[in-house]
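Q: Sharing a structure with you now.
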Amino acid sequence: MSCYERFGVTEIINASGSVTRLGGAPMPATVLDAFREAAGATVPLEILQAAAAEKIASACGTESGLVTAGSAAALTLGAAAILAGTDAGRMEQLPHCDGFPNEFLVAREHRNGYDHAVRAAGARFVEVGMNEIVSGAGVRRTEAWEYEAAITPQTAGILYVKTPDSRPSLPEVMEVARKHNLPVLVDAAGELPPRENLKAIPATGADLVCFSGGKAVRGPQSTGILCGRRDLVMSAAVQMLDMDDHPELWEPPESLIDRSRLSGMPRHGIGRTLKVSKEEIIALLTALDLFCSGAYDSDRERFHGWLTAIADRLEGTCATCRIDLPDNGQTPPTLTIHLAGAACPREAAWEVCRQLRKASPPVYVSHGRLDQGELVVYPLCLTEAAVPVLADRLHEKISALK
Ligand SMILES: *Cc1c(COP(=O)(O)O)cnc(C)c1O
C-alpha cells in the first residue's frame with residue numbers, strides 16, 4: 001500500500017508536467033538522498049542561506065541569492081526588499097507603506113494571479129499599456145515609453161513578467177529603469193529550461209530575478225530562487241529569516257547580511273511566513289547542480305519514446321497527433337492530441353478531459369488549449385509503467401466519441 005493510499009488518497013497519472021496543482025516535478029534520487037541527509041543534522045539557517053547565496057550567485061552570475069519558498073514567495077520577498085531597502089523601520093511597517101513610495105509599474109498584459117504575491121508585501125500596481133490584441137481592438141503591444149510616462153515620485157519599482165514572448169523586451173524596460181534609477185523585479189518562474197536563462201535574464205541588469213525550484217529544476221515543489229543585487233537580497237533575507245536572537249549576540253554571515261548597512265536589527269519580517277527548511281535548501285541546491293550540469297538532457301530521448309508509443313496507440317482514432325521537440329537540446333518533448341472534424345468535434349476535448357479525470361486511475365492531461373480542441377501530454381511526471389495505461393485511457397475516451 002502506498003503512503004497516499006494509507007491516508008485514503010488515490011494516486012493519479014500526471015500528464016500535465018510540473019504544475020503546482022498536481023504536486024510539481026519529481027525529485028531525482030540524488031535530491032531525495034540529500035533531503036534525507038540534511039534532515040538528520042542541524043545548522044543555523046542564516047549560515048546555510050549564506051552558502052546558498054554563494055552557490056546561486058555563481059549559477060546566476062549575480063551578486064547574491066536566496067532560496068525561497070517558491071517563486072511566488074520570491075516575488076513577495078523581492079517586493080518587500082525593494083520597498084524597505086535596508087531600513088529596519090520600513091521592514092517593521094510592511095505591508096503598510098505610509099510615508100514612502102510603494103507603486104510598482106506593471107504592463108497591463110503582464111498581470112496574472114501571481115501578482116498577488118507582489119501586492120502582499122504592500123506594493124500597489126500602476127498599470128501601463130493596453131491589452132488590445134486580446135480585446136481584438138488593435139495590433140500593438142505595450143511599449144517602453146509607456147512605463148516612462150507613468151513614473152511619479154510614488155514609483156518604487158517595476159514588475160516584469162518574463163516569457164519568451166513578453167513585450168516590451170526586458171532590455172528596453174531596463175533602459176527606462178536605469179535612466180530613472182528604479183529597481184526591476186522579474187518573474188522568470190517558468191523560464192527554465194534553457195539553463196542559459198539562469199544567467200541571461202539577470203545579465204540584462206535586472207535588480208532581482210525569481211525562478212521556480214519545483215518546476216524544471218526538479219527541486220522540492222515548495223522552493224524557488226531570488227537572485228540579484230547584494231543589498232536587496234540582504235533585505236529579503238532578513239525579512240524572511242527567523243530573527244529571534246539578541247542584538248548583542250547576532251552575528252550573521254557578512255556575505256549575506258552586512259549588519260553595518262542595516263539601520264537596526266529587525267524583528268520577524270513580512271517574509272517570516274515564507275520560511276524554507278534546511279532540508280529544502282539542501283535539496284534545491286542539489287537539484288540546481290544537476291540542472292546546471294545538463295544531467296536532465298538525456299531524459300528527452302526516453303520521453304520521446306513514450307510520447308511516440310502513445311501517438312502510435314491513437315492511430316486509427318479520429319484524433320491527430322503531433323510531437324514537438326524544441327531544438328535547444330534541453331526542453332522535454334510534448335505530444336499534442338488534436339480533435340477536429342465531424343467525428344471528433346473540437347468541443348469534445350472538454351468532455352474527454354473530464355472523463356480522463358474520472359477514470360481509474362485518474363488521468364490529468366494539460367488543459368491549456370482545450371478551446372482549440374487540443375489535449376497536451378507533458379512527459380516529465382510520467383513513469384514507464386504509466387505510459388501504456390495512459391495510452392489505453394486516451395484511446396478508450398477518444399474512441400468513445402464515434
Ligand atoms: C509557476 C509560476 C509562478 C509561481 O512559482 P512557484 O514556484 O510555484 O511559487 C509564478 N509566476 C509564473 C509566471 C509561474 O509560471
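Ligands are numbered from 1 in the order shown, residues from 1 within each chain, and chains are lettered A, B, ... in the order they appear in the C-alpha cells.
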Mind checking which residues fall within 7 Å of A:Leu382, counting only C-alpha atoms, ignoring those fewer than 4 positions away in the same chain, and posting them as a list of chain:residue names?
A: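 So the residues in contact are A:Ile13, A:Asn14, A:Ala15, A:Ala386, A:Val387.
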Q: Please return as a PyMOL selection string the residues found within 6 Å of ligand 1, counting only C-alpha atoms and all ligand atoms.
A: chain A and resi 20+70-72+114+187+189-190+212+224
Q: Do you know which residues are at most 12 Å from A:Pro194 counting only C-alpha atoms, after dropping those on the same chain fewer than 5 positions away, and could you put them as a ChimeraX atom specification?
A: /A:164,188,199-201,216-217,291-294,296-297,326-332
Q: Keeping N, CA, C and O atoms for every residue in the selection just given, could you write it to a file as an mmCIF file, in the first residue's frame?
A:
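Written output follows (again-v3.cif):
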```
data_model
loop_
_atom_site.group_PDB
_atom_site.id
_atom_site.type_symbol
_atom_site.label_atom_id
_atom_site.label_comp_id
_atom_site.auth_asym_id
_atom_site.auth_seq_id
_atom_site.Cartn_x
_atom_site.Cartn_y
_atom_site.Cartn_z
ATOM 1 N N PRO A 164 8.933 33.858 -23.156
ATOM 2 C CA PRO A 164 9.681 34.004 -24.400
ATOM 3 C C PRO A 164 9.096 35.101 -25.291
ATOM 4 O O PRO A 164 9.765 35.633 -26.163
ATOM 5 N N ALA A 188 10.563 35.220 -13.479
ATOM 6 C CA ALA A 188 11.016 34.316 -14.543
ATOM 7 C C ALA A 188 10.787 32.881 -14.082
ATOM 8 O O ALA A 188 11.550 31.970 -14.424
ATOM 9 N N LYS A 199 21.536 32.730 -16.235
ATOM 10 C CA LYS A 199 22.475 33.860 -16.292
ATOM 11 C C LYS A 199 21.967 34.964 -17.223
ATOM 12 O O LYS A 199 22.166 36.147 -16.955
ATOM 13 N N ALA A 200 21.297 34.553 -18.323
ATOM 14 C CA ALA A 200 20.939 35.540 -19.351
ATOM 15 C C ALA A 200 19.931 36.566 -18.826
ATOM 16 O O ALA A 200 20.020 37.751 -19.165
ATOM 17 N N ILE A 201 18.975 36.136 -18.013
ATOM 18 C CA ILE A 201 17.947 37.082 -17.547
ATOM 19 C C ILE A 201 18.546 38.092 -16.553
ATOM 20 O O ILE A 201 18.396 39.305 -16.734
ATOM 21 N N ALA A 216 11.197 22.778 -13.655
ATOM 22 C CA ALA A 216 12.203 22.016 -14.408
ATOM 23 C C ALA A 216 13.488 21.749 -13.623
ATOM 24 O O ALA A 216 14.232 20.835 -13.958
ATOM 25 N N VAL A 217 13.754 22.537 -12.573
ATOM 26 C CA VAL A 217 14.963 22.302 -11.775
ATOM 27 C C VAL A 217 14.826 21.000 -10.974
ATOM 28 O O VAL A 217 15.809 20.370 -10.618
ATOM 29 N N PHE A 291 20.622 20.309 -12.537
ATOM 30 C CA PHE A 291 20.036 21.058 -13.653
ATOM 31 C C PHE A 291 21.129 21.763 -14.458
ATOM 32 O O PHE A 291 21.159 21.688 -15.690
ATOM 33 N N CYS A 292 22.059 22.429 -13.739
ATOM 34 C CA CYS A 292 23.107 23.191 -14.418
ATOM 35 C C CYS A 292 24.087 22.281 -15.159
ATOM 36 O O CYS A 292 24.686 22.683 -16.158
ATOM 37 N N SER A 293 24.244 21.049 -14.666
ATOM 38 C CA SER A 293 25.225 20.135 -15.278
ATOM 39 C C SER A 293 24.698 19.507 -16.569
ATOM 40 O O SER A 293 25.450 18.829 -17.272
ATOM 41 N N GLY A 294 23.410 19.685 -16.840
ATOM 42 C CA GLY A 294 22.845 19.070 -18.047
ATOM 43 C C GLY A 294 22.423 17.629 -17.818
ATOM 44 O O GLY A 294 22.136 16.891 -18.768
ATOM 45 N N TYR A 296 19.752 16.369 -16.942
ATOM 46 C CA TYR A 296 18.386 16.014 -17.339
ATOM 47 C C TYR A 296 18.219 15.895 -18.868
ATOM 48 O O TYR A 296 17.190 15.436 -19.349
ATOM 49 N N ASP A 297 19.229 16.351 -19.606
ATOM 50 C CA ASP A 297 19.073 16.426 -21.065
ATOM 51 C C ASP A 297 18.789 15.063 -21.691
ATOM 52 O O ASP A 297 18.029 14.955 -22.657
ATOM 53 N N PRO A 326 11.544 20.785 -28.872
ATOM 54 C CA PRO A 326 12.263 22.053 -29.032
ATOM 55 C C PRO A 326 13.740 21.799 -29.330
ATOM 56 O O PRO A 326 14.328 20.868 -28.786
ATOM 57 N N ASP A 327 14.323 22.643 -30.204
ATOM 58 C CA ASP A 327 15.674 22.318 -30.673
ATOM 59 C C ASP A 327 16.781 22.869 -29.769
ATOM 60 O O ASP A 327 17.935 22.933 -30.173
ATOM 61 N N ASN A 328 16.449 23.232 -28.515
ATOM 62 C CA ASN A 328 17.516 23.720 -27.627
ATOM 63 C C ASN A 328 18.257 22.575 -26.924
ATOM 64 O O ASN A 328 19.156 22.807 -26.114
ATOM 65 N N GLY A 329 17.863 21.336 -27.212
ATOM 66 C CA GLY A 329 18.561 20.189 -26.620
ATOM 67 C C GLY A 329 18.229 19.963 -25.157
ATOM 68 O O GLY A 329 18.811 19.088 -24.511
ATOM 69 N N GLN A 330 17.315 20.761 -24.573
ATOM 70 C CA GLN A 330 17.041 20.678 -23.129
ATOM 71 C C GLN A 330 15.558 20.485 -22.801
ATOM 72 O O GLN A 330 15.206 19.717 -21.921
ATOM 73 N N THR A 331 14.693 21.234 -23.477
ATOM 74 C CA THR A 331 13.273 21.204 -23.134
ATOM 75 C C THR A 331 12.660 19.860 -23.537
ATOM 76 O O THR A 331 12.863 19.396 -24.655
ATOM 77 N N PRO A 332 11.931 19.191 -22.620
ATOM 78 C CA PRO A 332 11.320 17.912 -22.955
ATOM 79 C C PRO A 332 10.295 18.049 -24.081
ATOM 80 O O PRO A 332 9.707 19.112 -24.267
#
```
Q: Rounded to one decimal, what separation in Å do you get between atom CA of A:Leu75 and atom CA of A:Gly99?
A: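 Computing the Euclidean distance for atom CA of A:Leu75 and atom CA of A:Gly99 yields 22.3 Å.
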Q: Give me, as a PyMOL selection string, the residues of stretch 229-346 of chain A that a backbone DSSP run labels alpha helix (DSSP H).
A: chain A and resi 230-240+278-293+299-313
Q: What would the file look like if the residues just selected were written as a compact mmCIF listing (two decimals), in the first residue's frame with N, CA and C atoms?
A:
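selection-v6.txt, freshly written:
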```txt
# COMPACT_ATOMS: atom_id res chain seq x y z
N ARG A 230 23.17 42.50 -4.14
CA ARG A 230 23.51 42.08 -2.78
C ARG A 230 22.66 42.79 -1.72
N ASP A 231 22.48 44.11 -1.86
CA ASP A 231 21.74 44.85 -0.82
C ASP A 231 20.27 44.43 -0.79
N LEU A 232 19.70 44.16 -1.95
CA LEU A 232 18.29 43.76 -1.99
C LEU A 232 18.10 42.33 -1.49
N VAL A 233 19.02 41.43 -1.85
CA VAL A 233 18.92 40.06 -1.36
C VAL A 233 19.10 40.05 0.17
N MET A 234 19.98 40.90 0.66
CA MET A 234 20.16 41.02 2.11
C MET A 234 18.86 41.45 2.78
N SER A 235 18.19 42.43 2.21
CA SER A 235 16.92 42.90 2.76
C SER A 235 15.89 41.77 2.75
N ALA A 236 15.84 41.03 1.64
CA ALA A 236 14.90 39.90 1.55
C ALA A 236 15.23 38.85 2.60
N ALA A 237 16.53 38.59 2.79
CA ALA A 237 16.95 37.56 3.74
C ALA A 237 16.54 37.92 5.16
N VAL A 238 16.80 39.15 5.60
CA VAL A 238 16.45 39.50 6.99
C VAL A 238 14.94 39.57 7.18
N GLN A 239 14.21 39.80 6.09
CA GLN A 239 12.74 39.84 6.23
C GLN A 239 12.13 38.45 6.19
N MET A 240 12.92 37.44 5.80
CA MET A 240 12.41 36.06 5.78
C MET A 240 12.92 35.25 6.96
N LYS A 278 15.88 23.67 6.27
CA LYS A 278 17.26 23.31 5.88
C LYS A 278 17.26 22.19 4.85
N GLU A 279 16.34 21.23 4.99
CA GLU A 279 16.26 20.12 4.03
C GLU A 279 15.90 20.62 2.64
N GLU A 280 14.96 21.56 2.61
CA GLU A 280 14.53 22.10 1.31
C GLU A 280 15.67 22.87 0.65
N ILE A 281 16.43 23.61 1.46
CA ILE A 281 17.54 24.39 0.89
C ILE A 281 18.59 23.46 0.29
N ILE A 282 18.98 22.44 1.05
CA ILE A 282 19.98 21.49 0.54
C ILE A 282 19.46 20.77 -0.70
N ALA A 283 18.20 20.36 -0.68
CA ALA A 283 17.64 19.65 -1.83
C ALA A 283 17.61 20.55 -3.07
N LEU A 284 17.23 21.81 -2.87
CA LEU A 284 17.19 22.74 -4.02
C LEU A 284 18.59 22.94 -4.59
N LEU A 285 19.59 23.13 -3.71
CA LEU A 285 20.96 23.36 -4.19
C LEU A 285 21.47 22.13 -4.94
N THR A 286 21.09 20.95 -4.45
CA THR A 286 21.50 19.71 -5.11
C THR A 286 20.84 19.61 -6.49
N ALA A 287 19.56 19.94 -6.55
CA ALA A 287 18.83 19.90 -7.82
C ALA A 287 19.39 20.94 -8.79
N LEU A 288 19.75 22.10 -8.27
CA LEU A 288 20.29 23.16 -9.12
C LEU A 288 21.60 22.70 -9.77
N ASP A 289 22.42 22.00 -8.99
CA ASP A 289 23.67 21.43 -9.53
C ASP A 289 23.37 20.48 -10.69
N LEU A 290 22.39 19.59 -10.48
CA LEU A 290 22.03 18.63 -11.52
C LEU A 290 21.53 19.36 -12.76
N PHE A 291 20.62 20.31 -12.54
CA PHE A 291 20.04 21.06 -13.65
C PHE A 291 21.13 21.76 -14.46
N CYS A 292 22.06 22.43 -13.74
CA CYS A 292 23.11 23.19 -14.42
C CYS A 292 24.09 22.28 -15.16
N SER A 293 24.24 21.05 -14.67
CA SER A 293 25.23 20.14 -15.28
C SER A 293 24.70 19.51 -16.57
N ASP A 299 17.08 12.71 -20.67
CA ASP A 299 15.70 12.23 -20.49
C ASP A 299 14.87 12.44 -21.75
N ARG A 300 15.29 13.38 -22.57
CA ARG A 300 14.46 13.74 -23.72
C ARG A 300 14.20 12.56 -24.64
N GLU A 301 15.23 11.72 -24.79
CA GLU A 301 15.09 10.59 -25.70
C GLU A 301 14.05 9.59 -25.17
N ARG A 302 14.15 9.30 -23.85
CA ARG A 302 13.19 8.38 -23.23
C ARG A 302 11.77 8.95 -23.33
N PHE A 303 11.64 10.25 -23.02
CA PHE A 303 10.33 10.91 -23.09
C PHE A 303 9.77 10.82 -24.52
N HIS A 304 10.65 11.02 -25.49
CA HIS A 304 10.22 11.00 -26.88
C HIS A 304 9.67 9.61 -27.24
N GLY A 305 10.34 8.57 -26.73
CA GLY A 305 9.89 7.19 -26.97
C GLY A 305 8.49 6.97 -26.37
N TRP A 306 8.27 7.49 -25.17
CA TRP A 306 6.97 7.34 -24.51
C TRP A 306 5.87 8.02 -25.33
N LEU A 307 6.14 9.25 -25.77
CA LEU A 307 5.13 10.00 -26.50
C LEU A 307 4.84 9.35 -27.85
N THR A 308 5.88 8.79 -28.47
CA THR A 308 5.68 8.09 -29.74
C THR A 308 4.78 6.88 -29.54
N ALA A 309 4.99 6.16 -28.45
CA ALA A 309 4.17 4.98 -28.16
C ALA A 309 2.70 5.38 -27.98
N ILE A 310 2.47 6.51 -27.31
CA ILE A 310 1.09 6.97 -27.09
C ILE A 310 0.46 7.38 -28.44
N ALA A 311 1.24 8.12 -29.24
CA ALA A 311 0.73 8.56 -30.55
C ALA A 311 0.41 7.34 -31.42
N ASP A 312 1.27 6.31 -31.38
CA ASP A 312 1.02 5.08 -32.16
C ASP A 312 -0.29 4.43 -31.74
N ARG A 313 -0.52 4.43 -30.41
CA ARG A 313 -1.74 3.79 -29.89
C ARG A 313 -3.00 4.51 -30.37
```
Q: From the set A:Ala88, A:Ser16, A:Ala39, A:Arg167, which residue has the shortest atom-to-atom contact distance to A:Arg259, counting only C-alpha atoms?
A: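 The shortest atom-to-atom distance to A:Arg259 comes from A:Ala88.
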Q: Would you mind telling me which residue in A:Ala349, A:Leu380, A:Val176, A:Cys60 lies nearest to A:Gly368 when using only C-alpha atoms?
A: A:Ala349
Q: Neighbours of A:Thr10 within 12 Å (only C-alpha atoms; same-chain residues fewer than 2 positions away dropped), as a JSON list (two decimals) with C-alpha atoms, in the first residue's frame?
A:
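Generated output (result.json):
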```json
[["chain", "number", "residue", "atom", "x", "y", "z"],
["A", 1, "MET", "CA", 0.00, 0.00, 0.00],
["A", 2, "SER", "CA", 1.40, 3.42, -0.96],
["A", 3, "CYS", "CA", 1.80, 6.20, 1.59],
["A", 4, "TYR", "CA", -1.06, 8.05, -0.14],
["A", 5, "GLU", "CA", -3.39, 5.05, -0.05],
["A", 6, "ARG", "CA", -2.72, 4.65, 3.66],
["A", 7, "PHE", "CA", -4.43, 8.00, 4.06],
["A", 8, "GLY", "CA", -7.18, 7.18, 1.60],
["A", 12, "ILE", "CA", -3.15, 9.89, -10.43],
["A", 13, "ILE", "CA", -1.34, 9.75, -13.77],
["A", 357, "ARG", "CA", -10.04, 12.84, -14.69],
["A", 358, "LYS", "CA", -12.82, 10.45, -13.65],
["A", 359, "ALA", "CA", -11.00, 7.34, -14.92],
["A", 360, "SER", "CA", -9.31, 4.82, -12.66],
["A", 361, "PRO", "CA", -6.58, 5.78, -12.04],
["A", 362, "PRO", "CA", -7.48, 9.42, -12.77],
["A", 363, "VAL", "CA", -5.54, 10.94, -15.68]]
```
Q: For a quick check of understanding, using only C-alpha atoms, which of A:Gly341, A:Gly213, A:Pro26, A:Pro266 has the smallest distance to A:Asp87?
A: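 Of all the options, A:Pro266 lies closest to A:Asp87.
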Q: Of the residues A:Glu374, A:Glu396, A:Leu241, A:Leu185, which is the one nearest to A:Ala81, using only C-alpha atoms?
A: A:Leu185
Q: Skipping near chain neighbours, those fewer than 6 positions away, what residues fall within 9 Å of stretch 149-151 of chain A using only C-alpha atoms, listed as a ChimeraX atom specification?
A: /A:105,126-128,180
Q: Which is closest to A:Lys215 among A:Cys381, A:Ala41, A:Ala319, A:Ala400, if we use only C-alpha atoms?
A: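 Ranked by minimum distance to A:Lys215, first place goes to A:Cys381.
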Q: With distances taken over only C-alpha atoms, which of A:Val209, A:Val9, A:Cys353, A:Leu375 is nearest to A:Leu339?
A: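 For A:Leu339, the nearest of the given residues is A:Leu375.
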Q: Extract, using only C-alpha atoms, all DNA, RNA and protein residues at most 12 Å from A:Gly65, discarding same-chain residues fewer than 4 positions from it, and format them as a ChimeraX atom specification.
A: /A:48-61,74,77-78,198,202,207-211,224-237,255-257,285
Q: Just write the chosen residues, N, CA and C atoms, as a short mmCIF file (atom, residue, chain, number, x, y, z; two decimals), in the first residue's frame.
A:
```
data_model
loop_
_atom_site.label_atom_id
_atom_site.label_comp_id
_atom_site.auth_asym_id
_atom_site.auth_seq_id
_atom_site.Cartn_x
_atom_site.Cartn_y
_atom_site.Cartn_z
N LEU A 48 23.45 28.65 6.45
CA LEU A 48 23.10 27.82 5.29
C LEU A 48 22.66 28.70 4.11
N GLN A 49 21.86 29.72 4.41
CA GLN A 49 21.42 30.62 3.32
C GLN A 49 22.60 31.41 2.74
N ALA A 50 23.61 31.70 3.57
CA ALA A 50 24.79 32.40 3.04
C ALA A 50 25.54 31.49 2.07
N ALA A 51 25.59 30.19 2.40
CA ALA A 51 26.24 29.23 1.48
C ALA A 51 25.41 29.13 0.19
N ALA A 52 24.08 29.13 0.36
CA ALA A 52 23.19 29.08 -0.81
C ALA A 52 23.39 30.33 -1.67
N ALA A 53 23.60 31.46 -1.01
CA ALA A 53 23.77 32.73 -1.74
C ALA A 53 24.97 32.62 -2.68
N GLU A 54 26.04 32.02 -2.18
CA GLU A 54 27.24 31.88 -3.00
C GLU A 54 27.00 30.98 -4.21
N LYS A 55 26.33 29.86 -3.91
CA LYS A 55 26.04 28.88 -4.96
C LYS A 55 25.14 29.51 -6.04
N ILE A 56 24.09 30.18 -5.60
CA ILE A 56 23.13 30.79 -6.53
C ILE A 56 23.81 31.92 -7.31
N ALA A 57 24.63 32.70 -6.60
CA ALA A 57 25.33 33.80 -7.26
C ALA A 57 26.17 33.26 -8.41
N SER A 58 26.83 32.12 -8.18
CA SER A 58 27.69 31.62 -9.25
C SER A 58 26.85 30.98 -10.37
N ALA A 59 25.72 30.36 -10.02
CA ALA A 59 24.86 29.76 -11.06
C ALA A 59 24.16 30.83 -11.90
N CYS A 60 23.86 31.98 -11.29
CA CYS A 60 23.06 33.00 -11.97
C CYS A 60 23.89 34.22 -12.41
N GLY A 61 25.16 34.24 -12.03
CA GLY A 61 26.01 35.37 -12.40
C GLY A 61 25.58 36.65 -11.71
N ALA A 74 9.34 34.32 -3.64
CA ALA A 74 10.44 35.19 -4.08
C ALA A 74 9.90 36.54 -4.54
N LEU A 77 9.08 38.52 -1.35
CA LEU A 77 10.32 38.96 -0.70
C LEU A 77 11.04 40.01 -1.53
N GLY A 78 11.01 39.84 -2.85
CA GLY A 78 11.67 40.82 -3.73
C GLY A 78 10.98 42.17 -3.62
N LEU A 198 19.32 31.14 -16.64
CA LEU A 198 19.73 31.43 -15.26
C LEU A 198 20.66 32.64 -15.23
N PRO A 202 19.30 37.63 -15.52
CA PRO A 202 19.96 38.63 -14.66
C PRO A 202 20.97 39.51 -15.42
N ASP A 207 17.37 43.94 -11.35
CA ASP A 207 17.87 44.02 -9.97
C ASP A 207 17.59 42.75 -9.18
N LEU A 208 16.42 42.15 -9.41
CA LEU A 208 16.07 40.90 -8.73
C LEU A 208 15.32 40.00 -9.72
N VAL A 209 15.66 38.70 -9.72
CA VAL A 209 15.01 37.75 -10.62
C VAL A 209 14.54 36.54 -9.82
N CYS A 210 13.31 36.07 -10.11
CA CYS A 210 12.74 34.91 -9.41
C CYS A 210 12.64 33.72 -10.35
N PHE A 211 13.10 32.56 -9.87
CA PHE A 211 12.95 31.30 -10.62
C PHE A 211 12.26 30.28 -9.71
N GLY A 224 12.15 27.97 -4.41
CA GLY A 224 12.41 28.89 -5.51
C GLY A 224 13.71 29.61 -5.26
N ILE A 225 14.04 30.51 -6.20
CA ILE A 225 15.30 31.26 -6.12
C ILE A 225 14.99 32.73 -6.30
N LEU A 226 15.59 33.56 -5.44
CA LEU A 226 15.59 35.01 -5.65
C LEU A 226 17.05 35.41 -5.81
N CYS A 227 17.42 35.97 -6.95
CA CYS A 227 18.83 36.32 -7.14
C CYS A 227 18.94 37.74 -7.65
N GLY A 228 20.08 38.36 -7.39
CA GLY A 228 20.29 39.72 -7.86
C GLY A 228 21.22 40.52 -6.98
N ARG A 229 20.89 41.81 -6.81
CA ARG A 229 21.74 42.75 -6.08
C ARG A 229 21.94 42.35 -4.62
N ARG A 230 23.17 42.50 -4.14
CA ARG A 230 23.51 42.08 -2.78
C ARG A 230 22.66 42.79 -1.72
N ASP A 231 22.48 44.11 -1.86
CA ASP A 231 21.74 44.85 -0.82
C ASP A 231 20.27 44.43 -0.79
N LEU A 232 19.70 44.16 -1.95
CA LEU A 232 18.29 43.76 -1.99
C LEU A 232 18.10 42.33 -1.49
N VAL A 233 19.02 41.43 -1.85
CA VAL A 233 18.92 40.06 -1.36
C VAL A 233 19.10 40.05 0.17
N MET A 234 19.98 40.90 0.66
CA MET A 234 20.16 41.02 2.11
C MET A 234 18.86 41.45 2.78
N SER A 235 18.19 42.43 2.21
CA SER A 235 16.92 42.90 2.76
C SER A 235 15.89 41.77 2.75
N ALA A 236 15.84 41.03 1.64
CA ALA A 236 14.90 39.90 1.55
C ALA A 236 15.23 38.85 2.60
N ALA A 237 16.53 38.59 2.79
CA ALA A 237 16.95 37.56 3.74
C ALA A 237 16.54 37.92 5.16
N SER A 255 28.66 37.99 4.28
CA SER A 255 28.48 37.90 2.83
C SER A 255 27.00 37.98 2.45
N LEU A 256 26.13 37.51 3.34
CA LEU A 256 24.69 37.57 3.05
C LEU A 256 24.06 38.79 3.71
N ILE A 257 24.43 39.04 4.99
CA ILE A 257 23.81 40.13 5.75
C ILE A 257 24.91 40.99 6.38
N LEU A 285 19.59 23.13 -3.71
CA LEU A 285 20.96 23.36 -4.19
C LEU A 285 21.47 22.13 -4.94
#
```
